[in-house]
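Data block for final12.csv (CSV, C-alpha atoms):
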chain,number,residue,atom,x,y,z
N,109,MET,CA,109.1,123.2,-55.8
N,110,LEU,CA,109.9,125.5,-58.8
N,111,HIS,CA,108.4,129.0,-58.9
N,112,GLU,CA,106.7,130.1,-62.1
N,113,LYS,CA,109.7,132.1,-63.2
N,114,ASP,CA,111.9,129.0,-62.7
N,115,LYS,CA,109.6,126.9,-64.8
N,116,LYS,CA,109.6,129.5,-67.5
N,117,THR,CA,113.4,129.6,-67.5
N,118,LEU,CA,113.6,125.8,-67.6
N,119,LYS,CA,111.2,125.7,-70.5
N,120,TRP,CA,113.1,128.4,-72.3
N,121,LEU,CA,116.4,126.7,-71.8
N,122,SER,CA,115.0,123.3,-72.8
N,123,ALA,CA,113.9,124.7,-76.1
N,124,SER,CA,117.5,125.7,-77.0
N,125,VAL,CA,119.5,123.1,-78.8
N,126,LEU,CA,122.6,125.2,-78.3
N,127,PHE,CA,122.1,125.4,-74.5
N,128,LYS,CA,121.5,121.7,-74.2
N,129,ASN,CA,124.5,120.8,-76.3
N,130,THR,CA,126.7,123.1,-74.2
N,131,LEU,CA,125.4,121.6,-71.0
N,132,ILE,CA,126.0,118.0,-72.0
N,133,GLY,CA,129.2,118.8,-73.8
N,134,ASP,CA,130.5,117.3,-76.9
N,135,THR,CA,130.1,113.6,-76.7
N,136,PRO,CA,131.3,111.0,-79.2
N,137,ASP,CA,128.8,108.6,-80.9
N,138,PHE,CA,128.5,105.6,-78.6
N,139,ASP,CA,127.7,102.5,-80.6
N,140,ALA,CA,125.3,100.6,-78.4
N,141,GLU,CA,125.1,97.6,-80.8
N,142,LYS,CA,128.8,97.0,-80.8
N,143,ALA,CA,129.0,97.5,-77.1
N,144,LYS,CA,126.1,95.0,-76.5
N,145,ALA,CA,127.9,92.5,-78.7
N,146,ARG,CA,131.1,92.9,-76.6
N,147,LEU,CA,129.2,92.7,-73.3
N,148,PHE,CA,127.1,89.7,-74.3
N,149,ALA,CA,130.2,87.9,-75.6
N,150,ARG,CA,131.9,88.5,-72.3
N,151,LEU,CA,128.8,87.3,-70.3
N,152,GLN,CA,128.3,84.4,-72.8
N,153,LEU,CA,124.8,85.6,-73.6
N,154,THR,CA,122.8,85.7,-76.7
N,155,THR,CA,120.6,88.6,-77.8
N,156,HIS,CA,118.6,86.4,-80.2
N,157,THR,CA,114.9,86.1,-79.3
N,158,GLU,CA,112.7,83.5,-81.0
N,159,SER,CA,111.2,86.1,-83.2
N,160,SER,CA,114.6,87.5,-84.3
N,161,GLN,CA,115.8,84.0,-85.0
N,162,ARG,CA,112.8,83.5,-87.2
N,163,ARG,CA,113.5,86.7,-89.0
N,164,THR,CA,117.1,85.7,-89.8
N,165,MET,CA,116.1,82.3,-91.2
N,166,PRO,CA,116.4,82.4,-95.0
N,167,PHE,CA,113.0,82.5,-96.7
N,168,PRO,CA,112.8,79.5,-99.1
N,169,THR,CA,113.2,80.3,-102.7
N,170,LEU,CA,110.5,79.6,-105.2
N,171,GLY,CA,112.5,76.8,-106.7
N,172,ALA,CA,112.8,75.1,-103.3
N,173,LEU,CA,109.1,75.5,-102.7
N,174,LYS,CA,108.3,74.0,-106.1
N,175,ALA,CA,110.6,71.0,-105.4
N,176,VAL,CA,108.9,70.4,-102.1
N,177,THR,CA,105.5,70.6,-103.7
N,178,GLU,CA,106.4,68.3,-106.5
N,179,THR,CA,107.9,65.8,-104.0
N,180,GLU,CA,104.7,65.8,-102.0
N,181,ILE,CA,102.5,65.2,-105.1
N,182,GLU,CA,104.5,62.3,-106.3
N,183,PRO,CA,103.0,59.0,-105.2
Q,241,MET,CA,101.3,110.6,-63.2
Q,242,ASP,CA,99.9,107.6,-65.0
Q,243,ARG,CA,102.9,107.5,-67.2
Q,244,GLN,CA,105.2,107.5,-64.3
Q,245,LEU,CA,103.3,104.7,-62.7
Q,246,LYS,CA,103.3,102.7,-65.9
Q,247,LEU,CA,107.1,103.2,-66.3
Q,248,GLY,CA,107.6,102.1,-62.7
Q,249,THR,CA,105.5,99.0,-63.2
Q,250,ASP,CA,107.3,98.2,-66.5
Q,251,GLU,CA,110.6,98.6,-64.7
Q,252,MET,CA,109.6,96.3,-62.0
Q,253,VAL,CA,108.6,93.7,-64.5
Q,254,LEU,CA,111.9,94.2,-66.4
Q,255,ALA,CA,113.9,93.8,-63.1
Q,256,ASP,CA,111.9,90.6,-62.3
Q,257,GLU,CA,112.7,89.2,-65.7
Q,258,ILE,CA,116.4,90.0,-65.4
Q,259,ARG,CA,116.4,88.3,-62.0
Q,260,ASN,CA,115.0,85.3,-63.6
Q,261,GLY,CA,117.8,85.2,-66.1
Q,262,ASN,CA,115.9,86.6,-69.1
Q,263,SER,CA,118.7,87.9,-71.4
Q,264,CYS,CA,116.2,89.6,-73.7
Q,265,ALA,CA,115.0,91.8,-70.8
Q,266,PHE,CA,118.6,92.5,-70.0
Q,267,ALA,CA,119.2,93.5,-73.6
Q,268,SER,CA,116.2,95.8,-73.5
Q,269,LEU,CA,117.6,97.5,-70.4
Q,270,PHE,CA,120.9,97.9,-72.2
Q,271,ASP,CA,119.3,99.2,-75.3
Q,272,THR,CA,117.4,101.8,-73.4
Q,273,TYR,CA,120.1,103.2,-71.1
Q,274,TYR,CA,123.5,102.5,-72.6
Q,275,VAL,CA,123.9,105.7,-74.7
Q,276,PRO,CA,122.4,108.1,-72.1
Q,277,LEU,CA,124.6,106.5,-69.4
Q,278,CYS,CA,127.7,106.9,-71.6
Q,279,GLU,CA,126.8,110.5,-72.3
Q,280,TYR,CA,126.4,111.1,-68.6
Q,281,ALA,CA,129.6,109.3,-67.7
Q,282,TYR,CA,131.7,110.9,-70.4
Q,283,ARG,CA,132.1,114.2,-68.5
Q,284,PHE,CA,133.7,112.4,-65.6
Q,285,CYS,CA,136.2,110.5,-67.9
Q,286,ASN,CA,138.2,113.4,-69.2
Q,287,GLY,CA,137.2,112.8,-72.8
Q,288,ASP,CA,138.2,109.1,-72.7
Q,289,GLN,CA,135.6,107.3,-74.7
Q,290,GLU,CA,137.0,103.9,-74.1
Q,291,LEU,CA,137.1,104.4,-70.3
Q,292,THR,CA,133.5,105.8,-70.4
Q,293,GLU,CA,132.3,102.7,-72.2
Q,294,ASP,CA,134.2,100.4,-69.9
Q,295,ILE,CA,132.6,102.0,-66.8
Q,296,VAL,CA,129.1,101.7,-68.2
Q,297,GLN,CA,129.7,98.1,-69.4
Q,298,GLU,CA,131.0,97.2,-66.0
Q,299,VAL,CA,127.8,98.4,-64.4
Q,300,PHE,CA,125.7,96.3,-66.7
Q,301,ALA,CA,128.0,93.3,-66.3
Q,302,ARG,CA,127.7,93.5,-62.6
Q,303,ILE,CA,123.9,93.6,-62.8
Q,304,TRP,CA,123.9,90.4,-64.9
Q,305,GLU,CA,126.5,88.6,-62.8
Q,306,ARG,CA,124.6,89.3,-59.6
Q,307,ARG,CA,121.1,89.3,-61.1
Q,308,ALA,CA,119.7,86.8,-58.6
Q,309,ASP,CA,120.2,89.4,-55.8
Q,310,TRP,CA,119.5,92.4,-57.9
Q,311,ALA,CA,116.7,94.3,-56.1
Q,312,PRO,CA,117.2,98.1,-56.7
Q,313,LYS,CA,115.6,100.1,-53.9
Q,314,VAL,CA,115.2,103.1,-56.2
Q,315,SER,CA,113.9,103.3,-59.7
Q,316,VAL,CA,115.9,101.3,-62.2
Q,317,LYS,CA,116.8,104.5,-64.0
Q,318,ALA,CA,118.1,106.1,-60.8
Q,319,TYR,CA,119.9,102.9,-59.9
Q,320,LEU,CA,121.8,102.9,-63.2
Q,321,PHE,CA,122.7,106.6,-63.1
Q,322,ARG,CA,123.8,106.3,-59.5
Q,323,SER,CA,125.9,103.2,-60.3
Q,324,VAL,CA,127.6,104.9,-63.2
Q,325,HIS,CA,128.1,108.0,-61.2
Q,326,ASN,CA,129.7,106.1,-58.3
Q,327,GLN,CA,131.9,104.0,-60.6
Q,328,ALA,CA,133.0,107.1,-62.6
Q,329,ILE,CA,133.8,109.1,-59.4
Q,330,THR,CA,135.8,106.1,-58.0
Q,331,ASN,CA,137.7,105.9,-61.2
Q,332,LEU,CA,138.2,109.7,-61.3
Q,333,ARG,CA,139.7,109.6,-57.8
Q,334,LYS,CA,141.9,106.6,-58.6
Q,335,VAL,CA,143.5,108.3,-61.6
Q,336,ARG,CA,143.6,111.7,-59.9
Q,337,HIS,CA,141.7,113.5,-62.5
Q,338,GLU,CA,139.5,115.5,-60.1
Q,339,THR,CA,140.3,118.8,-61.8
Q,340,ALA,CA,139.2,117.5,-65.2
Q,341,MET,CA,135.5,117.9,-64.3
Q,342,ASN,CA,135.8,121.7,-64.2
Q,343,ASP,CA,137.5,121.8,-67.6
Q,344,VAL,CA,135.1,119.8,-69.5
Q,345,VAL,CA,132.7,122.5,-70.5
Q,346,GLU,CA,135.3,124.9,-71.9
Q,347,ASP,CA,135.9,123.3,-75.2
Q,348,THR,CA,132.8,121.3,-75.7
Q,349,THR,CA,130.4,123.4,-77.6
Q,350,GLN,CA,129.6,121.8,-80.9
Q,351,ALA,CA,126.2,123.0,-81.8
Q,352,THR,CA,124.2,121.0,-84.3
Q,353,ASP,CA,120.8,121.4,-85.8
Q,354,LEU,CA,120.7,125.1,-85.0
Q,355,THR,CA,117.7,127.2,-86.0
Q,356,PRO,CA,118.6,130.1,-88.3
Q,357,ILE,CA,118.1,132.5,-85.5
Q,358,GLU,CA,120.4,130.6,-83.3
Q,359,ALA,CA,123.0,130.5,-86.0
Q,360,ILE,CA,122.9,134.3,-86.5
Q,361,HIS,CA,123.7,134.8,-82.8
Q,362,ASN,CA,125.8,131.8,-82.5
Q,363,ASP,CA,129.1,133.3,-81.6
Q,364,GLU,CA,128.0,135.8,-79.0
Q,365,LEU,CA,125.4,133.4,-77.6
Q,366,ASP,CA,127.8,130.6,-77.6
Q,367,GLN,CA,130.2,132.5,-75.4
Q,368,ARG,CA,127.4,133.7,-73.1
Q,369,ILE,CA,126.1,130.2,-72.6
Q,370,GLN,CA,129.5,128.7,-72.0
Q,371,ARG,CA,130.2,131.3,-69.4
Q,372,ALA,CA,126.9,130.9,-67.8
Q,373,ILE,CA,127.2,127.1,-67.5
Q,374,HIS,CA,130.8,127.3,-66.5
Q,375,ASN,CA,129.8,129.7,-63.7
Q,376,LEU,CA,127.6,127.0,-62.2
Q,377,PRO,CA,129.1,124.9,-59.4
Q,378,GLU,CA,129.7,121.3,-60.6
Q,379,ARG,CA,126.9,119.9,-58.5
Q,380,ARG,CA,124.3,122.3,-59.8
Q,381,ARG,CA,125.4,121.7,-63.4
Q,382,GLU,CA,125.1,118.0,-62.8
Q,383,ILE,CA,121.6,118.3,-61.4
Q,384,LEU,CA,120.6,120.5,-64.3
Q,385,THR,CA,122.0,117.9,-66.7
Q,386,LEU,CA,120.1,115.1,-65.1
Q,387,ARG,CA,116.9,117.0,-65.2
Q,388,MET,CA,117.1,118.6,-68.6
Q,389,ILE,CA,119.1,116.1,-70.6
Q,390,HIS,CA,118.3,112.8,-69.0
Q,391,GLU,CA,114.9,113.8,-67.8
Q,392,LEU,CA,115.2,112.3,-64.3
Q,393,SER,CA,112.6,113.2,-61.8
Q,394,TYR,CA,113.5,115.0,-58.6
Q,395,LYS,CA,113.3,111.8,-56.7
Q,396,GLU,CA,115.5,110.0,-59.2
Q,397,ILE,CA,118.1,112.8,-59.1
Q,398,ALA,CA,118.1,112.6,-55.3
Q,399,ASP,CA,118.6,108.9,-55.4
Q,400,THR,CA,121.3,109.1,-58.1
Q,401,LEU,CA,123.3,111.7,-56.2
Q,402,GLU,CA,122.3,110.4,-52.7
Q,403,ILE,CA,121.0,113.8,-51.6
Q,404,SER,CA,117.6,114.9,-50.5
Q,405,VAL,CA,114.8,116.0,-52.8
Q,406,ASN,CA,114.8,119.4,-51.1
Q,407,THR,CA,118.5,119.8,-52.0
Q,408,VAL,CA,117.7,118.9,-55.6
Q,409,ASP,CA,115.0,121.5,-55.6
Q,410,THR,CA,117.1,124.2,-54.0
Q,411,GLN,CA,120.1,123.6,-56.2
Q,412,LEU,CA,118.0,123.5,-59.3
Q,413,ARG,CA,116.3,126.8,-58.4
Q,414,ARG,CA,119.7,128.4,-57.8
Q,415,ALA,CA,121.1,127.1,-61.0
Q,416,LEU,CA,118.1,128.5,-62.9
Q,417,LYS,CA,118.4,131.8,-61.1
Q,418,SER,CA,122.1,132.1,-62.0
Q,419,LEU,CA,121.4,131.2,-65.7
Q,420,ARG,CA,118.5,133.6,-65.8
Q,421,GLU,CA,120.8,136.4,-64.6
Q,422,ASP,CA,123.7,135.5,-66.9
Q,423,LEU,CA,121.5,135.1,-70.0
Q,424,ARG,CA,118.8,137.7,-69.2
Q,425,LEU,CA,119.5,139.8,-72.3
Q,426,PHE,CA,118.7,136.8,-74.6
Q,427,GLN,CA,115.8,135.7,-72.5
Q,428,THR,CA,114.2,139.1,-72.6
Q,429,ASN,CA,114.4,139.1,-76.4
Q,430,MET,CA,113.4,135.4,-76.5
Q,431,GLU,CA,115.8,135.0,-79.4
Q,432,LEU,CA,117.2,131.8,-78.2
Q,433,VAL,CA,114.1,129.8,-78.6

What's the structure tokens form of this structure?
Amino acid sequence: MLHEKDKKTLKWLSASVLFKNTLIGDTPDFDAEKAKARLFARLQLTTHTESSQRRTMPFPTLGALKAVTETEIEP
Amino acid sequence: MDRQLKLGTDEMVLADEIRNGNSCAFASLFDTYYVPLCEYAYRFCNGDQELTEDIVQEVFARIWERRADWAPKVSVKAYLFRSVHNQAITNLRKVRHETAMNDVVEDTTQATDLTPIEAIHNDELDQRIQRAIHNLPERRREILTLRMIHELSYKEIADTLEISVNTVDTQLRRALKSLREDLRLFQTNMELV
């Protein structure tokens, strides 16, 4: 496996943003969410989990809550 | 070591869930690896973002469509990188862009988030680094990228590129030696860090 001087070089290079950027090259911003939507539409899948569905449900307004309460109180 | 074991176990659970048709597990896999895989594939696609994303999407689509039989013999990470690598190379051959791989590095340096010290030496350093990386044979550059950028283990790199662990080790050591020599002035002064 790597010798001490190799490890040192690797550590040294890893600390350089410039080196890493050059190594990987200039890449565009890949939009994972958009890509996921496209893929899941193609595969006819949904990404909604039960918890995310719960989160997207509108929280009842105070007025609606009051109306429900009043309805329940009424004989 | 524990972390690797945990990751491995998590991956096995994830793969099981996907085999059972759990789309949330599939989404989790996609969320984790989509961008790194695109960044990896991009260099093989001659700067074609659309093609890059198509290749990566195709790999994920195939996993889902054949999920019942999906049983990677290597780690999930290595499986994904290998699939993308193979798909990209196949495409590269098909469109006869083999030479593009050697040209990618030449105009790709867009440094961001530089430290002040890096910024001072940017021009000279930039050229030295570009030259040093460009001097590396493509395979060594790829191994270095998989190790440094995508943080694959030796075994995962070996599985991705379908070479032995010993070859990974040898190639990585040679790459580091070459870089050490090309960048020795900067390394001696430790100004790059």

Check the smallest atom-to-atom distance from each of Q:Arg307, Q:Leu412, Q:Met252, Q:Ser263 to Leu118 in chain N using only C-alpha atoms, then report the winner.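 Result for the nearest residue to Leu118 in chain N: Q:Leu412.
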
Proximity of chain N to chain Q: per-residue shortest pair, 7 Å limit, all atoms listed in the file, as CSV:
residue,atom,partner,partner_atom,distance
N:Met109,CA,Q:Asp409,CA,6.1
N:Leu110,CA,Q:Arg413,CA,6.5
N:Asp114,CA,Q:Leu416,CA,6.2
N:Thr117,CA,Q:Leu416,CA,6.7
N:Trp120,CA,Q:Val433,CA,6.5
N:Ser122,CA,Q:Met388,CA,6.6
N:Ala123,CA,Q:Val433,CA,5.7
N:Ser124,CA,Q:Val433,CA,5.6
N:Val125,CA,Q:Leu354,CA,6.6
N:Leu126,CA,Q:Ala351,CA,5.5
N:Phe127,CA,Q:Ile369,CA,6.5
N:Asn129,CA,Q:Ala351,CA,6.2
N:Thr130,CA,Q:Thr349,CA,5.0
N:Leu131,CA,Q:Thr385,CA,6.6
N:Ile132,CA,Q:Thr385,CA,6.6
N:Gly133,CA,Q:Thr348,CA,4.8
N:Asp134,CA,Q:Thr348,CA,4.8
N:Thr135,CA,Q:Glu279,CA,6.3
N:Phe138,CA,Q:Val275,CA,6.0
N:Ala140,CA,Q:Tyr274,CA,6.4
N:Leu147,CA,Q:Gln297,CA,6.7
N:Leu153,CA,Q:Ser263,CA,6.9
N:Thr155,CA,Q:Cys264,CA,6.1
N:Thr157,CA,Q:Cys264,CA,6.7

Pairwise distance for CA of Ala328 in chain Q and CA of Ser418 in chain Q, rounded to one decimal in Å: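 Interatomic distance here is 27.3 Å.
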
So the first atom is CA of Leu401 in chain Q and the second is CA of Ala311 in chain Q; what is the distance between them in Å, to one decimal place?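 Separation between CA of Leu401 in chain Q and CA of Ala311 in chain Q: 18.6 Å.
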
Using CA of Val316 in chain Q and CA of Ala255 in chain Q as the two end points, give the distance in Å to one decimal. 7.8 Å
